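**Student:** So here's protein-v3.cif, just mmCIF, C-alpha atoms and all ligand atoms:
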```cif
data_target
#
loop_
_atom_site.group_PDB
_atom_site.id
_atom_site.type_symbol
_atom_site.label_atom_id
_atom_site.label_comp_id
_atom_site.auth_asym_id
_atom_site.auth_seq_id
_atom_site.Cartn_x
_atom_site.Cartn_y
_atom_site.Cartn_z
ATOM 1 C CA MET A 145 0.000 0.000 0.000
ATOM 2 C CA ARG A 146 1.045 3.626 -0.468
ATOM 3 C CA VAL A 147 1.175 5.016 3.047
ATOM 4 C CA THR A 148 1.716 8.615 4.141
ATOM 5 C CA ILE A 149 3.040 9.138 7.664
ATOM 6 C CA THR A 150 2.689 12.525 9.370
ATOM 7 C CA GLY A 151 5.209 13.180 12.118
ATOM 8 C CA ALA A 152 7.591 10.845 10.282
ATOM 9 C CA ALA A 153 10.686 12.266 11.996
ATOM 10 C CA GLY A 154 9.445 11.468 15.511
ATOM 11 C CA ARG A 155 10.245 8.371 17.567
ATOM 12 C CA ILE A 156 7.237 6.374 16.399
ATOM 13 C CA GLY A 157 7.396 7.898 12.917
ATOM 14 C CA ARG A 158 10.943 6.708 12.287
ATOM 15 C CA CYS A 159 10.120 3.240 13.608
ATOM 16 C CA LEU A 160 7.044 2.956 11.383
ATOM 17 C CA THR A 161 8.769 4.384 8.310
ATOM 18 C CA ALA A 162 11.433 1.688 8.515
ATOM 19 C CA GLY A 163 9.121 -1.112 9.703
ATOM 20 C CA LEU A 164 6.297 -0.553 7.231
ATOM 21 C CA THR A 165 8.798 -0.200 4.385
ATOM 22 C CA ASP A 166 10.306 -3.558 5.392
ATOM 23 C CA THR A 167 6.794 -5.020 5.418
ATOM 24 C CA GLY A 168 6.430 -4.022 1.772
ATOM 25 C CA HIS A 169 4.556 -0.717 1.954
ATOM 26 C CA ASP A 170 5.542 2.311 -0.108
ATOM 27 C CA VAL A 171 6.013 4.927 2.619
ATOM 28 C CA ARG A 172 6.217 8.712 2.321
ATOM 29 C CA GLY A 173 6.548 10.966 5.323
ATOM 30 C CA ILE A 174 6.019 14.575 6.252
ATOM 31 C CA ASP A 175 7.429 16.398 9.257
ATOM 32 C CA ALA A 176 8.524 19.877 10.269
ATOM 33 C CA VAL A 177 12.065 18.596 10.779
ATOM 34 C CA GLU A 178 14.339 16.226 8.910
ATOM 35 C CA PRO A 179 14.464 12.699 10.404
ATOM 36 C CA ALA A 180 17.822 11.889 11.964
ATOM 37 C CA ASP A 181 18.366 8.613 10.113
ATOM 38 C CA ASP A 182 17.809 6.588 6.954
ATOM 39 C CA ALA A 183 14.166 7.638 6.788
ATOM 40 C CA ALA A 184 15.356 11.093 5.629
ATOM 41 C CA GLY A 185 14.988 10.271 1.928
ATOM 42 C CA GLN A 186 11.346 9.334 2.406
ATOM 43 C CA CYS A 187 10.317 12.442 4.349
ATOM 44 C CA VAL A 188 9.183 15.824 3.049
ATOM 45 C CA VAL A 189 10.142 18.649 5.402
ATOM 46 C CA ALA A 190 7.148 20.992 5.615
ATOM 47 C CA ASP A 191 4.814 22.552 8.168
ATOM 48 C CA LEU A 192 1.771 20.291 8.168
ATOM 49 C CA GLY A 193 -0.162 22.903 10.131
ATOM 50 C CA ARG A 194 0.169 25.633 7.494
ATOM 51 C CA ASP A 195 1.469 24.317 4.192
ATOM 52 C CA ASP A 196 -1.660 23.272 2.269
ATOM 53 C CA ALA A 197 0.236 22.424 -0.912
ATOM 54 C CA ALA A 198 2.758 20.158 0.840
ATOM 55 C CA LEU A 199 -0.030 18.349 2.689
ATOM 56 C CA ALA A 200 -2.090 17.847 -0.483
ATOM 57 C CA ASP A 201 1.003 16.647 -2.311
ATOM 58 C CA VAL A 202 2.105 14.127 0.302
ATOM 59 C CA VAL A 203 -1.344 12.488 0.610
ATOM 60 C CA ALA A 204 -2.055 12.423 -3.149
ATOM 61 C CA GLY A 205 -2.443 8.828 -4.313
ATOM 62 C CA ALA A 206 -2.083 7.364 -0.812
ATOM 63 C CA ASP A 207 -4.049 4.289 0.222
ATOM 64 C CA ALA A 208 -3.793 5.328 3.849
ATOM 65 C CA ILE A 209 -2.507 8.063 6.134
ATOM 66 C CA VAL A 210 -0.887 7.269 9.468
ATOM 67 C CA HIS A 211 -1.344 10.484 11.424
ATOM 68 C CA LEU A 212 1.215 10.798 14.220
ATOM 69 C CA ALA A 213 2.153 14.489 14.084
ATOM 70 C CA ALA A 214 1.442 16.210 17.411
ATOM 71 C CA ILE A 215 3.039 17.364 20.639
ATOM 72 C CA ALA A 216 3.213 13.955 22.315
ATOM 73 C CA SER A 217 2.919 15.131 25.910
ATOM 74 C CA GLU A 218 1.130 17.685 28.083
ATOM 75 C CA SER A 219 1.035 21.264 26.790
ATOM 76 C CA THR A 220 -1.141 24.339 27.193
ATOM 77 C CA PHE A 221 -4.822 24.153 26.328
ATOM 78 C CA ALA A 222 -4.241 26.290 23.224
ATOM 79 C CA GLU A 223 -1.404 24.061 22.030
ATOM 80 C CA ALA A 224 -3.439 20.935 22.697
ATOM 81 C CA LEU A 225 -6.298 22.296 20.585
ATOM 82 C CA ASP A 226 -3.890 23.179 17.814
ATOM 83 C CA THR A 227 -1.686 20.114 17.763
ATOM 84 C CA HIS A 228 -4.404 17.493 18.229
ATOM 85 C CA LEU A 229 -7.705 18.885 17.003
ATOM 86 C CA ARG A 230 -6.802 21.455 14.338
ATOM 87 C CA LEU A 231 -3.983 19.378 12.856
ATOM 88 C CA THR A 232 -6.118 16.241 12.776
ATOM 89 C CA HIS A 233 -8.888 18.240 11.107
ATOM 90 C CA ARG A 234 -6.438 19.316 8.397
ATOM 91 C CA VAL A 235 -5.312 15.740 7.841
ATOM 92 C CA LEU A 236 -8.877 14.386 7.681
ATOM 93 C CA GLU A 237 -9.891 17.156 5.267
ATOM 94 C CA ALA A 238 -6.865 16.357 3.112
ATOM 95 C CA ALA A 239 -7.817 12.668 3.171
ATOM 96 C CA VAL A 240 -11.349 13.433 1.982
ATOM 97 C CA ALA A 241 -10.148 15.870 -0.698
ATOM 98 C CA ALA A 242 -7.644 13.336 -2.072
ATOM 99 C CA GLY A 243 -9.973 10.331 -1.723
ATOM 100 C CA VAL A 244 -7.704 8.556 0.749
ATOM 101 C CA PRO A 245 -9.943 5.805 2.150
ATOM 102 C CA ARG A 246 -8.169 5.006 5.425
ATOM 103 C CA VAL A 247 -6.565 6.838 8.346
ATOM 104 C CA VAL A 248 -4.702 5.396 11.313
ATOM 105 C CA TYR A 249 -4.685 7.958 14.098
ATOM 106 C CA ALA A 250 -2.184 7.981 16.966
ATOM 107 C CA SER A 251 -4.420 8.635 19.948
ATOM 108 C CA SER A 252 -3.241 7.910 23.466
ATOM 109 C CA ASN A 253 -4.110 6.021 26.621
ATOM 110 C CA HIS A 254 -4.320 9.477 28.248
ATOM 111 C CA ALA A 255 -7.772 9.944 26.666
ATOM 112 C CA VAL A 256 -8.909 7.628 29.487
ATOM 113 C CA GLY A 257 -6.030 8.287 31.890
ATOM 114 C CA PHE A 258 -8.162 9.313 34.875
ATOM 115 C CA THR A 259 -9.872 5.924 34.881
ATOM 116 C CA PRO A 260 -9.018 4.143 38.137
ATOM 117 C CA ARG A 261 -6.809 1.176 37.488
ATOM 118 C CA ALA A 262 -8.752 -2.069 37.036
ATOM 119 C CA PRO A 263 -7.754 -5.596 36.017
ATOM 120 C CA ILE A 264 -8.999 -5.060 32.460
ATOM 121 C CA VAL A 265 -10.355 -1.963 30.723
ATOM 122 C CA GLY A 266 -12.162 -2.085 27.386
ATOM 123 C CA VAL A 267 -12.241 0.520 24.633
ATOM 124 C CA ASP A 268 -15.841 1.273 25.634
ATOM 125 C CA THR A 269 -14.800 2.739 28.987
ATOM 126 C CA PRO A 270 -16.018 6.366 29.270
ATOM 127 C CA ILE A 271 -13.611 9.082 28.152
ATOM 128 C CA ARG A 272 -11.716 10.337 31.243
ATOM 129 C CA PRO A 273 -8.750 12.437 30.117
ATOM 130 C CA ASP A 274 -5.933 13.082 32.584
ATOM 131 C CA SER A 275 -4.536 16.216 30.874
ATOM 132 C CA PHE A 276 -5.131 18.711 28.062
ATOM 133 C CA TYR A 277 -3.127 16.196 26.035
ATOM 134 C CA GLY A 278 -5.753 13.539 26.819
ATOM 135 C CA VAL A 279 -8.602 15.980 26.087
ATOM 136 C CA GLY A 280 -7.019 16.755 22.705
ATOM 137 C CA LYS A 281 -6.682 13.059 21.882
ATOM 138 C CA ALA A 282 -10.267 12.290 22.951
ATOM 139 C CA ALA A 283 -11.581 15.216 20.894
ATOM 140 C CA ALA A 284 -9.569 14.102 17.869
ATOM 141 C CA GLU A 285 -11.005 10.581 18.248
ATOM 142 C CA ALA A 286 -14.461 12.203 18.067
ATOM 143 C CA LEU A 287 -13.399 14.086 14.938
ATOM 144 C CA CYS A 288 -12.228 10.830 13.353
ATOM 145 C CA SER A 289 -15.617 9.300 14.198
ATOM 146 C CA LEU A 290 -17.362 12.218 12.445
ATOM 147 C CA TYR A 291 -15.241 11.816 9.309
ATOM 148 C CA HIS A 292 -16.010 8.121 9.286
ATOM 149 C CA ASP A 293 -19.761 8.655 9.594
ATOM 150 C CA ARG A 294 -19.998 11.693 7.328
ATOM 151 C CA HIS A 295 -17.396 10.904 4.680
ATOM 152 C CA GLY A 296 -16.924 7.136 4.944
ATOM 153 C CA VAL A 297 -13.229 7.330 5.833
ATOM 154 C CA ALA A 298 -12.161 4.118 7.613
ATOM 155 C CA VAL A 299 -10.331 5.069 10.796
ATOM 156 C CA ALA A 300 -8.426 3.247 13.508
ATOM 157 C CA CYS A 301 -7.701 5.306 16.637
ATOM 158 C CA LEU A 302 -4.765 3.770 18.491
ATOM 159 C CA ARG A 303 -4.710 4.509 22.220
ATOM 160 C CA ILE A 304 -0.984 3.999 22.453
ATOM 161 C CA GLY A 305 0.528 3.019 25.794
ATOM 162 C CA SER A 306 4.264 3.501 26.434
ATOM 163 C CA PHE A 307 6.227 3.264 23.184
ATOM 164 C CA ARG A 308 9.817 2.551 24.218
ATOM 165 C CA PRO A 309 12.728 0.329 23.064
ATOM 166 C CA ARG A 310 12.146 -1.492 26.383
ATOM 167 C CA PRO A 311 9.896 -0.931 29.409
ATOM 168 C CA ASP A 312 11.464 1.539 31.825
ATOM 169 C CA SER A 313 9.165 1.592 34.873
ATOM 170 C CA ARG A 314 6.803 -0.593 36.884
ATOM 171 C CA ARG A 315 3.854 0.975 35.064
ATOM 172 C CA ALA A 316 5.431 0.181 31.708
ATOM 173 C CA LEU A 317 5.322 -3.522 32.600
ATOM 174 C CA SER A 318 1.604 -3.082 31.826
ATOM 175 C CA THR A 319 1.661 -0.263 29.259
ATOM 176 C CA TRP A 320 4.656 -1.074 27.043
ATOM 177 C CA LEU A 321 4.349 -1.053 23.248
ATOM 178 C CA SER A 322 7.496 -2.435 21.658
ATOM 179 C CA PRO A 323 8.759 -1.044 18.345
ATOM 180 C CA GLY A 324 8.096 -4.382 16.614
ATOM 181 C CA ASP A 325 4.543 -4.568 17.919
ATOM 182 C CA ALA A 326 3.930 -0.929 16.926
ATOM 183 C CA VAL A 327 4.720 -1.897 13.333
ATOM 184 C CA ARG A 328 2.548 -5.029 13.610
ATOM 185 C CA LEU A 329 -0.361 -3.013 15.024
ATOM 186 C CA VAL A 330 -0.283 -0.311 12.349
ATOM 187 C CA ASP A 331 0.223 -2.889 9.607
ATOM 188 C CA ALA A 332 -2.874 -4.779 10.849
ATOM 189 C CA CYS A 333 -4.906 -1.548 10.780
ATOM 190 C CA LEU A 334 -3.701 -0.831 7.242
ATOM 191 C CA ARG A 335 -4.666 -4.276 5.990
ATOM 192 C CA ALA A 336 -7.891 -4.977 7.948
ATOM 193 C CA PRO A 337 -10.559 -5.525 5.289
ATOM 194 C CA ASP A 338 -13.518 -4.175 7.313
ATOM 195 C CA LEU A 339 -11.941 -1.484 9.451
ATOM 196 C CA GLY A 340 -14.925 0.866 9.714
ATOM 197 C CA PHE A 341 -14.294 3.007 12.775
ATOM 198 C CA ALA A 342 -12.263 1.285 15.469
ATOM 199 C CA ILE A 343 -10.681 2.303 18.747
ATOM 200 C CA VAL A 344 -7.918 -0.021 19.876
ATOM 201 C CA TYR A 345 -5.313 -0.027 22.627
ATOM 202 C CA GLY A 346 -1.716 -0.026 21.497
ATOM 203 C CA ILE A 347 0.319 -2.217 23.805
ATOM 204 C CA SER A 348 2.362 -5.387 23.491
ATOM 205 C CA ALA A 349 1.198 -8.791 24.756
ATOM 206 C CA ASN A 350 2.132 -7.789 28.311
ATOM 207 C CA THR A 351 1.337 -10.385 30.973
ATOM 208 C CA ARG A 352 0.377 -7.487 33.287
ATOM 209 C CA GLY A 353 -1.434 -5.468 30.584
ATOM 210 C CA TRP A 354 -4.665 -3.869 31.774
ATOM 211 C CA TRP A 355 -6.021 -2.681 28.415
ATOM 212 C CA ASP A 356 -8.181 -5.114 26.514
ATOM 213 C CA LEU A 357 -6.667 -6.016 23.149
ATOM 214 C CA THR A 358 -9.806 -7.714 21.811
ATOM 215 C CA THR A 359 -10.617 -5.003 19.241
ATOM 216 C CA ALA A 360 -6.989 -4.826 18.132
ATOM 217 C CA ARG A 361 -6.738 -8.594 17.733
ATOM 218 C CA ALA A 362 -10.024 -8.610 15.784
ATOM 219 C CA LEU A 363 -8.305 -6.390 13.203
ATOM 220 C CA GLY A 364 -5.466 -8.902 12.882
ATOM 221 C CA TYR A 365 -2.991 -7.520 15.442
ATOM 222 C CA ASP A 366 -0.875 -10.354 16.785
ATOM 223 C CA PRO A 367 1.604 -8.912 19.306
ATOM 224 C CA VAL A 368 4.700 -10.956 20.083
ATOM 225 C CA ASP A 369 6.547 -8.985 22.790
ATOM 226 C CA ASP A 370 5.840 -9.091 26.526
ATOM 227 C CA ALA A 371 7.217 -6.570 29.038
ATOM 228 C CA GLU A 372 7.427 -9.418 31.537
ATOM 229 C CA SER A 373 10.846 -10.359 30.114
ATOM 230 C CA PHE A 374 12.153 -7.128 31.701
ATOM 231 C CA ALA A 375 10.279 -7.426 35.020
ATOM 232 C CA ALA A 376 13.186 -8.807 37.067
ATOM 233 C CA ASP A 377 15.452 -5.883 36.095
ATOM 234 C CA ILE A 378 12.779 -3.273 36.776
ATOM 235 C CA GLU A 379 11.668 -4.778 40.077
ATOM 236 C CA ALA A 380 15.257 -5.099 41.294
ATOM 237 C CA VAL A 381 15.059 -1.336 41.923
ATOM 238 C CA PRO A 382 12.933 -0.579 45.044
ATOM 239 C CA ALA A 383 9.511 0.959 44.334
ATOM 240 C CA THR A 384 9.094 4.677 45.140
ATOM 241 C CA ASP A 385 6.105 6.717 46.339
ATOM 242 C CA ASP A 386 5.692 7.883 42.739
ATOM 243 C CA ASP A 387 5.320 4.269 41.600
ATOM 244 C CA GLU A 388 2.509 3.862 44.127
ATOM 245 C CA VAL A 389 0.737 7.083 43.043
ATOM 246 C CA ASP A 390 1.240 6.271 39.366
ATOM 247 C CA GLY A 391 -0.420 2.911 39.926
ATOM 248 C CA ARG A 392 -3.765 4.430 40.946
ATOM 249 C CA TYR A 393 -4.946 5.608 37.533
ATOM 250 C CA LEU A 394 -4.390 4.272 34.032
ATOM 251 C CA GLY A 395 -2.592 7.452 32.989
ATOM 252 C CA GLY A 396 0.144 7.084 35.605
ATOM 253 C CA SER A 397 2.079 10.284 36.265
ATOM 254 C CA PHE A 398 -0.290 12.335 34.080
ATOM 255 C CA ALA A 399 -2.981 11.762 36.735
ATOM 256 C CA ARG A 400 -0.839 12.764 39.718
ATOM 257 C CA PRO A 401 -2.489 15.205 42.174
HETATM 258 C C1 LIG B 501 1.805 9.017 25.799
HETATM 259 O O1 LIG B 501 0.798 9.180 25.140
HETATM 260 C C2 LIG B 501 2.989 9.914 25.660
HETATM 261 O O2 LIG B 501 3.141 10.373 24.346
HETATM 262 C C3 LIG B 501 4.262 9.255 26.118
HETATM 263 O O3 LIG B 501 5.234 10.229 26.290
HETATM 264 C C4 LIG B 501 4.094 8.453 27.414
HETATM 265 O O4 LIG B 501 3.880 9.306 28.470
HETATM 266 C C5 LIG B 501 2.961 7.479 27.255
HETATM 267 O O5 LIG B 501 1.788 8.100 26.808
HETATM 268 C C6 LIG B 501 2.659 6.708 28.548
HETATM 269 O O6 LIG B 501 1.519 6.733 29.009
HETATM 270 O O7 LIG B 501 3.560 6.065 29.056
#
```
As structure tokens, please, write out the structure in this file.
**Tutor:**
Amino acid sequence: MRVTITGAAGRIGRCLTAGLTDTGHDVRGIDAVEPADDAAGQCVVADLGRDDAALADVVAGADAIVHLAAIASESTFAEALDTHLRLTHRVLEAAVAAGVPRVVYASSNHAVGFTPRAPIVGVDTPIRPDSFYGVGKAAAEALCSLYHDRHGVAVACLRIGSFRPRPDSRRALSTWLSPGDAVRLVDACLRAPDLGFAIVYGISANTRGWWDLTTARALGYDPVDDAESFAADIEAVPATDDDEVDGRYLGGSFARP
């Protein structure tokens, strides 16, 4: 498939550019900065938020857009509106204008981060953002739903957990998404024949995972990594008060008092 990735120079963008290319997709990227590795040749450097021509050009002829571009952490309310809602609106409009049938949107677990921790949480749990970041992601999920219903764009919203080379905290033993599984998840969303509108959690097959992967697996996601392999190393370091506080809500430190 011809796949356009926004935010291609970011951590997840570089991983997906390389991984989806290896999987056989024809990948083009767009980002405000040049990627710091081999993905450079596949990435247009342009301001997605302002440059209409560059956006139209990079999505032209695409079979799907993977929309990652955003500030991937807490920011001001104004920045959250801009980076999540306005930017996603631009990408969805560009998809409709160019006839791109499918969008994979990088949402976040922080859309439901103020949900008290429970053994298993489905994608149907009520929206409970833990930050302006989470509000922006939840609002952008709603925008994706509108573009699916109104314009027929197939959309997968990925509530990504903790994307890291390896889990780096007690919480990440539950929330980790490995680079390999990130590629597998997005590839499944690109290929799923009847995507419709789907919300899925983006984590690896973590033994201690608390987000239900049923909707992701139904799309064909078959995660292979498990944060448990790193548990002994992480638990060798004594737990802190922050670990205890971060264990109360799904969003961890984002939901601290
Ligand atoms: C996210 O959505 C953030 O982008 C990332 O920086 C982490 O904080 C991650 O969630 C997480 O919950 O660990």
**Student:** Neighbours of ligand LIG 501 (chain B) at 10 Å or closer, counting only C-alpha atoms and all ligand atoms: which residues, as a PDB file with C-alpha atoms, in the coordinates of the input?
**Tutor:**
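Produced file part_24.pdb, reproduced below:
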```
ATOM      1  CA  ILE A 156       7.237   6.374  16.399  1.00  0.00           C
ATOM      2  CA  ALA A 214       1.442  16.210  17.411  1.00  0.00           C
ATOM      3  CA  ILE A 215       3.039  17.364  20.639  1.00  0.00           C
ATOM      4  CA  ALA A 216       3.213  13.955  22.315  1.00  0.00           C
ATOM      5  CA  SER A 217       2.919  15.131  25.910  1.00  0.00           C
ATOM      6  CA  GLU A 218       1.130  17.685  28.083  1.00  0.00           C
ATOM      7  CA  ALA A 250      -2.184   7.981  16.966  1.00  0.00           C
ATOM      8  CA  SER A 251      -4.420   8.635  19.948  1.00  0.00           C
ATOM      9  CA  SER A 252      -3.241   7.910  23.466  1.00  0.00           C
ATOM     10  CA  ASN A 253      -4.110   6.021  26.621  1.00  0.00           C
ATOM     11  CA  HIS A 254      -4.320   9.477  28.248  1.00  0.00           C
ATOM     12  CA  ALA A 255      -7.772   9.944  26.666  1.00  0.00           C
ATOM     13  CA  GLY A 257      -6.030   8.287  31.890  1.00  0.00           C
ATOM     14  CA  TYR A 277      -3.127  16.196  26.035  1.00  0.00           C
ATOM     15  CA  GLY A 278      -5.753  13.539  26.819  1.00  0.00           C
ATOM     16  CA  LYS A 281      -6.682  13.059  21.882  1.00  0.00           C
ATOM     17  CA  ARG A 303      -4.710   4.509  22.220  1.00  0.00           C
ATOM     18  CA  ILE A 304      -0.984   3.999  22.453  1.00  0.00           C
ATOM     19  CA  GLY A 305       0.528   3.019  25.794  1.00  0.00           C
ATOM     20  CA  SER A 306       4.264   3.501  26.434  1.00  0.00           C
ATOM     21  CA  PHE A 307       6.227   3.264  23.184  1.00  0.00           C
ATOM     22  CA  ARG A 308       9.817   2.551  24.218  1.00  0.00           C
ATOM     23  CA  PRO A 311       9.896  -0.931  29.409  1.00  0.00           C
ATOM     24  CA  ASP A 312      11.464   1.539  31.825  1.00  0.00           C
ATOM     25  CA  SER A 313       9.165   1.592  34.873  1.00  0.00           C
ATOM     26  CA  ARG A 315       3.854   0.975  35.064  1.00  0.00           C
ATOM     27  CA  ALA A 316       5.431   0.181  31.708  1.00  0.00           C
ATOM     28  CA  SER A 318       1.604  -3.082  31.826  1.00  0.00           C
ATOM     29  CA  THR A 319       1.661  -0.263  29.259  1.00  0.00           C
ATOM     30  CA  TRP A 320       4.656  -1.074  27.043  1.00  0.00           C
ATOM     31  CA  LEU A 321       4.349  -1.053  23.248  1.00  0.00           C
ATOM     32  CA  LEU A 394      -4.390   4.272  34.032  1.00  0.00           C
ATOM     33  CA  GLY A 395      -2.592   7.452  32.989  1.00  0.00           C
ATOM     34  CA  GLY A 396       0.144   7.084  35.605  1.00  0.00           C
ATOM     35  CA  SER A 397       2.079  10.284  36.265  1.00  0.00           C
ATOM     36  CA  PHE A 398      -0.290  12.335  34.080  1.00  0.00           C
TER      37      PHE A 398
END
```
**Student:** For segment 307-319 of chain A, I'd like the enclosing box, axis-aligned and padded by 6 Å on every side, reported as JSON with centre and edge lengths in Å to one decimal.
**Tutor:**
```
{"center_x": 7.2, "center_y": -0.1, "center_z": 30.0, "size_x": 23.1, "size_y": 18.8, "size_z": 25.8}
```
**Student:** For a test of reading the model, state the distance in Å between atom CA of Leu160 of chain A and atom CA of Thr148 of chain A, rounded to one decimal.
**Tutor:**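 These two atoms are separated by 10.6 Å.
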**Student:** Could you pull the residues within 9 Å of Ala239 of chain A, counting all atoms listed in the file, minus those fewer than 2 positions along the same chain, as a count of residues only?
**Tutor:** 18
**Student:** Which residues fall under the PyMOL selection byres (((chain A and resi 344) around 9) and not hetatm) in this file, as a list in words?
**Tutor:**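 With the PyMOL selection byres (((chain A and resi 344) around 9) and not hetatm) on this model, the match is Gly266, Val267, Ala300, Cys301, Leu302, Arg303, Ile304, Ala342, Ile343, Tyr345, Gly346, Asp356, Leu357, Thr358, Thr359, Ala360 and Arg361 of chain A.
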**Student:** Could segment 309-320 of chain A be completed with N, CA and C atoms and returned as a PDB file, keeping the file's coordinate frame?
**Tutor:**
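Just written: result-v4.pdb:
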```pdb
ATOM      1  N   PRO A 309      11.932   1.501  23.486  1.00  0.00           N
ATOM      2  CA  PRO A 309      12.728   0.329  23.064  1.00  0.00           C
ATOM      3  C   PRO A 309      12.542  -0.825  24.050  1.00  0.00           C
ATOM      4  N   ARG A 310      12.400  -0.481  25.354  1.00  0.00           N
ATOM      5  CA  ARG A 310      12.146  -1.492  26.383  1.00  0.00           C
ATOM      6  C   ARG A 310      11.400  -0.816  27.521  1.00  0.00           C
ATOM      7  N   PRO A 311      10.620  -1.568  28.304  1.00  0.00           N
ATOM      8  CA  PRO A 311       9.896  -0.931  29.409  1.00  0.00           C
ATOM      9  C   PRO A 311      10.877  -0.343  30.408  1.00  0.00           C
ATOM     10  N   ASP A 312      10.517   0.826  30.977  1.00  0.00           N
ATOM     11  CA  ASP A 312      11.464   1.539  31.825  1.00  0.00           C
ATOM     12  C   ASP A 312      10.893   1.900  33.198  1.00  0.00           C
ATOM     13  N   SER A 313       9.764   1.305  33.563  1.00  0.00           N
ATOM     14  CA  SER A 313       9.165   1.592  34.873  1.00  0.00           C
ATOM     15  C   SER A 313       8.224   0.441  35.227  1.00  0.00           C
ATOM     16  N   ARG A 314       7.777   0.422  36.478  1.00  0.00           N
ATOM     17  CA  ARG A 314       6.803  -0.593  36.884  1.00  0.00           C
ATOM     18  C   ARG A 314       5.528  -0.475  36.050  1.00  0.00           C
ATOM     19  N   ARG A 315       5.069   0.792  35.865  1.00  0.00           N
ATOM     20  CA  ARG A 315       3.854   0.975  35.064  1.00  0.00           C
ATOM     21  C   ARG A 315       4.021   0.413  33.651  1.00  0.00           C
ATOM     22  N   ALA A 316       5.204   0.621  33.086  1.00  0.00           N
ATOM     23  CA  ALA A 316       5.431   0.181  31.708  1.00  0.00           C
ATOM     24  C   ALA A 316       5.403  -1.338  31.564  1.00  0.00           C
ATOM     25  N   LEU A 317       5.493  -2.063  32.686  1.00  0.00           N
ATOM     26  CA  LEU A 317       5.322  -3.522  32.600  1.00  0.00           C
ATOM     27  C   LEU A 317       3.904  -3.855  32.123  1.00  0.00           C
ATOM     28  N   SER A 318       2.977  -2.918  32.321  1.00  0.00           N
ATOM     29  CA  SER A 318       1.604  -3.082  31.826  1.00  0.00           C
ATOM     30  C   SER A 318       1.359  -2.335  30.522  1.00  0.00           C
ATOM     31  N   THR A 319       2.044  -1.193  30.334  1.00  0.00           N
ATOM     32  CA  THR A 319       1.661  -0.263  29.259  1.00  0.00           C
ATOM     33  C   THR A 319       2.595  -0.283  28.046  1.00  0.00           C
ATOM     34  N   TRP A 320       3.626  -1.103  28.083  1.00  0.00           N
ATOM     35  CA  TRP A 320       4.656  -1.074  27.043  1.00  0.00           C
ATOM     36  C   TRP A 320       4.110  -1.442  25.660  1.00  0.00           C
TER      37      TRP A 320
END
```
